[in-house]
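Comments concern the structure below.
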Amino acid sequence: MLVHFTKMHGLGNDFMVIDLISQRGRLRDADIRRLSHRNFGIGFDQLLVVEPPRDPDMDFRYRIYNADGSEVENCGNGARCFARFVLNQRLTTKREIRVETAGGPLTLVVADDGRVRVDMGAPRFAPAALPFEAETDLPVHALEVGGESLEIGVVSMGNPHAVLLVDSVDEAPVREVGPLIEAHPRFPRRVNAGFLEVVSPHEARLRVFERGVGETLACGTGACAAVASGIRRGLLASPVDVTLPGGTLSIEWGGEGHPVFMTGPAETVFEGRIIL
Ligand SMILES: N[C@@H](CCC[C@H](N)C(=O)O)C(=O)O
C-alpha cells in the first residue's frame, strides 16, 4: 500500500508525519525502526501519526513513536509540527486546535507568522508521575550514576524528564552520562535526560539525551521540564528563552498547578510516498 508522508522539523528535532484519517496503513515497531534509520530509511527522531479523535470534544488524536519504535506520551516539537501539518494538509481550518495524546489533551494555537503556541499542561513533580523510584517529592534528588552522585530534578510533562544542572552545556558529558540516566533502574519506564545551563533568570541553554532516540537537536517537553525544574529551584523566572542546539524556544510557566506554555517554529522539509 502506498502511503503519503511529510518530513517536518521543530528546531532540528525531526519527524515523519502520516495522516491516517484520509489514508489507511499500519506501522509495526520494526517498520518504525527501519524508516527512522538515517542511511537505510527516511531518517527521523519521531514518527507522528494523525488519527480521528476518540473524544468528540477534541479535533484530532495524534500518536508519537520514538525512533526505536516505542510509543510515547508527549512531544513538544512534534505538537507544533502536528498543528502546522493538519492546516497544511487541509484537515482543519481552525487555528486553535485541541488534540488527544497518550499524555493527555493539548491545545495549540497557530499564529499568523506560522509559530505555534502550545498549552503543554501542568508539570508534575511527584516521583510516581514519571515513574521514578523515590520516597518523597523533592526539588532535587540524588542519583548514583557511574560511581558519582548526581543531583537531578524529576518532572513529568506527560513524558518523563530528569534535569541535571551543568556549568556549561558545551562541556557537559551528554552522550556519555545521558544513556546511563536514560536507562537507570530507578526510572522503570526510562527517562529523557536534560542538561541545563542557567545563563540568567530568563535565559537558559539545554541539551537533551532523549529516551528511545539519543541526543536530539531540540526537545520541546525537555525545555518545558527544564524551565519548570529551574523555576522550582529558584534558578529561573518566567518567561525563559531556552536555547537548544537547533534553536530557541520561549517557555512560560506561572508556577505550581499552572500549565506551561511553549512557543516556537515548525517547518516542512519535503513530502513523499512509501510502500507499507
Ligand atoms: N522530541 C520530543 C520528545 C519525544 C519523546 C521522548 N523521546 C520520550 O521518549 O519521552 C519533544 O520535543 O518533546
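Just remember, in the C-alpha cells the first chain shown is A, the second B, etc., residues are 1-based per chain, and ligands are 1-based in the order shown.
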
| task | Tell me, as number ranges by chain, which residues lie within 7 Å of range 162-164 of chain A, counting only C-alpha atoms; anything in the same chain fewer than 4 positions away does not count. | result | A: 151-155, 191-196, 226

Ligand 1: which residues are within 9 Å, counting only C-alpha atoms and all ligand atoms? Reply as a CSV table (one decimal) with C-alpha atoms, in the first residue's frame.
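Saved the output as pocket-v8.csv:
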```csv
chain,number,residue,atom,x,y,z
A,10,GLY,CA,10.9,21.7,15.0
A,13,ASN,CA,14.1,17.7,16.1
A,14,ASP,CA,12.8,15.8,13.0
A,45,ASP,CA,13.7,11.2,15.7
A,46,GLN,CA,10.0,10.6,16.0
A,64,ILE,CA,4.0,9.6,18.9
A,65,TYR,CA,6.7,6.9,18.4
A,66,ASN,CA,10.4,7.2,19.1
A,67,ALA,CA,13.0,6.1,16.5
A,70,SER,CA,8.4,2.8,21.4
A,71,GLU,CA,5.2,4.7,21.7
A,72,VAL,CA,5.4,7.8,24.0
A,73,GLU,CA,3.0,10.1,25.8
A,74,ASN,CA,4.1,13.6,24.6
A,75,CYS,CA,6.4,15.5,22.3
A,76,GLY,CA,6.6,19.3,22.3
A,77,ASN,CA,8.3,19.9,18.9
A,78,GLY,CA,6.1,17.2,17.5
A,79,ALA,CA,2.9,19.0,18.8
A,80,ARG,CA,3.9,22.2,16.9
A,157,MET,CA,5.4,16.7,31.1
A,158,GLY,CA,3.2,13.7,30.3
A,159,ASN,CA,6.5,12.0,29.5
A,160,PRO,CA,9.3,11.6,32.0
A,161,HIS,CA,12.3,14.0,32.3
A,190,ARG,CA,13.3,5.0,31.2
A,191,VAL,CA,13.7,8.8,31.1
A,192,ASN,CA,14.7,11.8,28.9
A,208,VAL,CA,18.7,16.6,25.9
A,209,PHE,CA,19.6,12.9,25.6
A,210,GLU,CA,16.1,11.6,24.5
A,211,ARG,CA,14.7,8.3,25.6
A,212,GLY,CA,14.4,6.0,22.6
A,213,VAL,CA,16.5,8.3,20.3
A,214,GLY,CA,19.8,9.6,21.7
A,216,THR,CA,18.5,15.4,19.5
A,217,LEU,CA,18.9,19.0,18.3
A,218,ALA,CA,15.9,20.1,20.4
A,219,CYS,CA,13.3,18.7,22.8
A,220,GLY,CA,10.2,20.7,23.5
A,221,THR,CA,9.0,18.7,26.5
A,222,GLY,CA,12.6,18.8,27.7
A,223,ALA,CA,12.7,22.6,27.6
A,224,CYS,CA,9.3,22.8,29.5
```

| task | Might you pull out every residue within 9 Å of Pro105 in chain A, with only C-alpha atoms counted and same-chain residues fewer than 5 positions away left off, and present them as a list of chain:residue names? | result | A:Met58, A:Arg61, A:Arg98, A:Val99, A:Glu100, A:Met120, A:Gly121

| query | By how many Å are CA of Met8 in chain A and CA of Arg205 in chain A apart? | reply |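 Taking CA of Met8 in chain A and CA of Arg205 in chain A, their separation equals 23.3 Å.
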
| Who sits within 7 Å of Phe132 in chain A, only C-alpha atoms, same chain under 5 positions skipped, as number ranges by chain | A: 127, 186-187

| DSSP on the backbone: what in range 32-218 of chain A comes out alpha helix (DSSP H), as a list of chain:residue names? | A:Ile32, A:Arg33, A:Arg34, A:Leu35, A:Ser36, A:Gly76, A:Asn77, A:Gly78, A:Ala79, A:Arg80, A:Cys81, A:Phe82, A:Ala83, A:Arg84, A:Phe85, A:Val86, A:Leu87, A:Asn88, A:Val174, A:Arg175, A:Glu176, A:Val177, A:Gly178, A:Pro179, A:Leu180, A:Ile181, A:Glu182

Residue subset to file, keeping C-alpha atoms, as a PDB file, in the first residue's frame:
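Final output, selection_36.pdb:
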```pdb
ATOM      1  CA  ILE A  32       9.396   2.380  12.508  1.00  0.00           C
ATOM      2  CA  ARG A  33      12.986   1.388  13.350  1.00  0.00           C
ATOM      3  CA  ARG A  34      13.716   0.736   9.646  1.00  0.00           C
ATOM      4  CA  LEU A  35      12.168   4.008   8.443  1.00  0.00           C
ATOM      5  CA  SER A  36      13.853   6.069  11.184  1.00  0.00           C
ATOM      6  CA  GLY A  76       6.614  19.335  22.315  1.00  0.00           C
ATOM      7  CA  ASN A  77       8.300  19.930  18.947  1.00  0.00           C
ATOM      8  CA  GLY A  78       6.064  17.241  17.465  1.00  0.00           C
ATOM      9  CA  ALA A  79       2.950  19.039  18.750  1.00  0.00           C
ATOM     10  CA  ARG A  80       3.914  22.210  16.858  1.00  0.00           C
ATOM     11  CA  CYS A  81       4.622  20.204  13.675  1.00  0.00           C
ATOM     12  CA  PHE A  82       1.299  18.351  14.097  1.00  0.00           C
ATOM     13  CA  ALA A  83      -0.574  21.726  14.182  1.00  0.00           C
ATOM     14  CA  ARG A  84       1.129  23.006  11.019  1.00  0.00           C
ATOM     15  CA  PHE A  85       0.598  19.609   9.334  1.00  0.00           C
ATOM     16  CA  VAL A  86      -3.192  19.470   9.859  1.00  0.00           C
ATOM     17  CA  LEU A  87      -3.523  23.038   8.491  1.00  0.00           C
ATOM     18  CA  ASN A  88      -1.186  22.425   5.511  1.00  0.00           C
ATOM     19  CA  VAL A 174      25.595  14.360  27.352  1.00  0.00           C
ATOM     20  CA  ARG A 175      26.473  11.347  25.198  1.00  0.00           C
ATOM     21  CA  GLU A 176      28.344   9.520  27.976  1.00  0.00           C
ATOM     22  CA  VAL A 177      26.096  10.180  31.004  1.00  0.00           C
ATOM     23  CA  GLY A 178      22.810  10.616  29.058  1.00  0.00           C
ATOM     24  CA  PRO A 179      22.409   6.890  28.250  1.00  0.00           C
ATOM     25  CA  LEU A 180      23.192   5.935  31.876  1.00  0.00           C
ATOM     26  CA  ILE A 181      20.446   8.246  33.174  1.00  0.00           C
ATOM     27  CA  GLU A 182      18.021   7.174  30.408  1.00  0.00           C
TER      28      GLU A 182
END
```

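Coordinates place CA of Pro131 in chain A at a distance of 22.8 Å from CA of Tyr62 in chain A.
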
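Of the residues listed (A:Ala266, A:Glu171, A:Leu130, A:Gly43), A:Leu130 shows the shortest atom-to-atom separation from Arg189 in chain A; distances use only C-alpha atoms.
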
| For Gly246 in chain A, which residue out of A:Pro265, A:Leu47, A:Phe40, A:Gly12 is the nearest one, using only C-alpha atoms? |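 Going through A:Pro265, A:Leu47, A:Phe40, A:Gly12 one by one, the smallest distance to Gly246 in chain A is for A:Gly12.
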
| task | Have a look at CA of Ser149 in chain A and CA of Pro188 in chain A and let me know their distance in Å, one decimal. | result | 19.0 Å

| task | Return as an MDAnalysis selection string the full set of residues in range 95-157 of chain A whose backbone-based DSSP assignment is strand (DSSP E or B). | result | chainID A and resid 96:101 104:110 116:119 124 141:145 148:156

So that I have them on file, write out the residues from the current selection with C-alpha atoms, as a PDB file, in the first residue's frame.
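Listed below is the output, out_8.pdb:
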```
ATOM      1  CA  GLU A  96      -6.805  26.796  17.698  1.00  0.00           C
ATOM      2  CA  ILE A  97      -6.666  23.017  17.748  1.00  0.00           C
ATOM      3  CA  ARG A  98      -7.462  20.524  20.518  1.00  0.00           C
ATOM      4  CA  VAL A  99      -5.691  17.199  20.293  1.00  0.00           C
ATOM      5  CA  GLU A 100      -5.610  13.982  22.318  1.00  0.00           C
ATOM      6  CA  THR A 101      -2.213  12.489  23.097  1.00  0.00           C
ATOM      7  CA  GLY A 104      -3.416  13.975  27.920  1.00  0.00           C
ATOM      8  CA  PRO A 105      -5.166  16.687  25.856  1.00  0.00           C
ATOM      9  CA  LEU A 106      -3.240  19.650  24.391  1.00  0.00           C
ATOM     10  CA  THR A 107      -4.418  22.992  22.977  1.00  0.00           C
ATOM     11  CA  LEU A 108      -2.345  24.528  20.179  1.00  0.00           C
ATOM     12  CA  VAL A 109      -2.635  27.971  18.579  1.00  0.00           C
ATOM     13  CA  VAL A 110      -1.035  28.703  15.194  1.00  0.00           C
ATOM     14  CA  VAL A 116       2.823  27.650  17.305  1.00  0.00           C
ATOM     15  CA  ARG A 117       1.981  28.272  20.975  1.00  0.00           C
ATOM     16  CA  VAL A 118       1.130  25.124  22.895  1.00  0.00           C
ATOM     17  CA  ASP A 119      -0.526  24.747  26.275  1.00  0.00           C
ATOM     18  CA  ARG A 124       4.052  17.070  37.719  1.00  0.00           C
ATOM     19  CA  HIS A 141      17.075  14.031  44.178  1.00  0.00           C
ATOM     20  CA  ALA A 142      20.467  12.316  44.443  1.00  0.00           C
ATOM     21  CA  LEU A 143      21.048   9.720  41.695  1.00  0.00           C
ATOM     22  CA  GLU A 144      24.056   7.376  41.623  1.00  0.00           C
ATOM     23  CA  VAL A 145      25.422   7.242  38.085  1.00  0.00           C
ATOM     24  CA  GLU A 148      29.098   9.544  41.043  1.00  0.00           C
ATOM     25  CA  SER A 149      26.164  11.132  42.872  1.00  0.00           C
ATOM     26  CA  LEU A 150      24.279  13.492  40.535  1.00  0.00           C
ATOM     27  CA  GLU A 151      21.611  15.995  41.618  1.00  0.00           C
ATOM     28  CA  ILE A 152      18.561  15.781  39.379  1.00  0.00           C
ATOM     29  CA  GLY A 153      15.106  17.345  39.277  1.00  0.00           C
ATOM     30  CA  VAL A 154      12.384  14.948  38.088  1.00  0.00           C
ATOM     31  CA  VAL A 155       9.444  16.266  36.045  1.00  0.00           C
ATOM     32  CA  SER A 156       6.607  14.685  34.100  1.00  0.00           C
TER      33      SER A 156
END
```

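Take the candidates A:Glu256, A:Glu51, A:Glu133, A:Asp59 and check each one against Asp19 in chain A using only C-alpha atoms; the shortest distance goes to A:Glu51.
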
| Got a sec: who's within 9 Å of Glu203 in chain A, counting only C-alpha atoms, leaving out chain neighbours fewer than 3 positions off, as JSON, numbers by chain? | {"A": [197, 198, 199, 200, 236, 237, 239, 240, 241, 242, 243]}
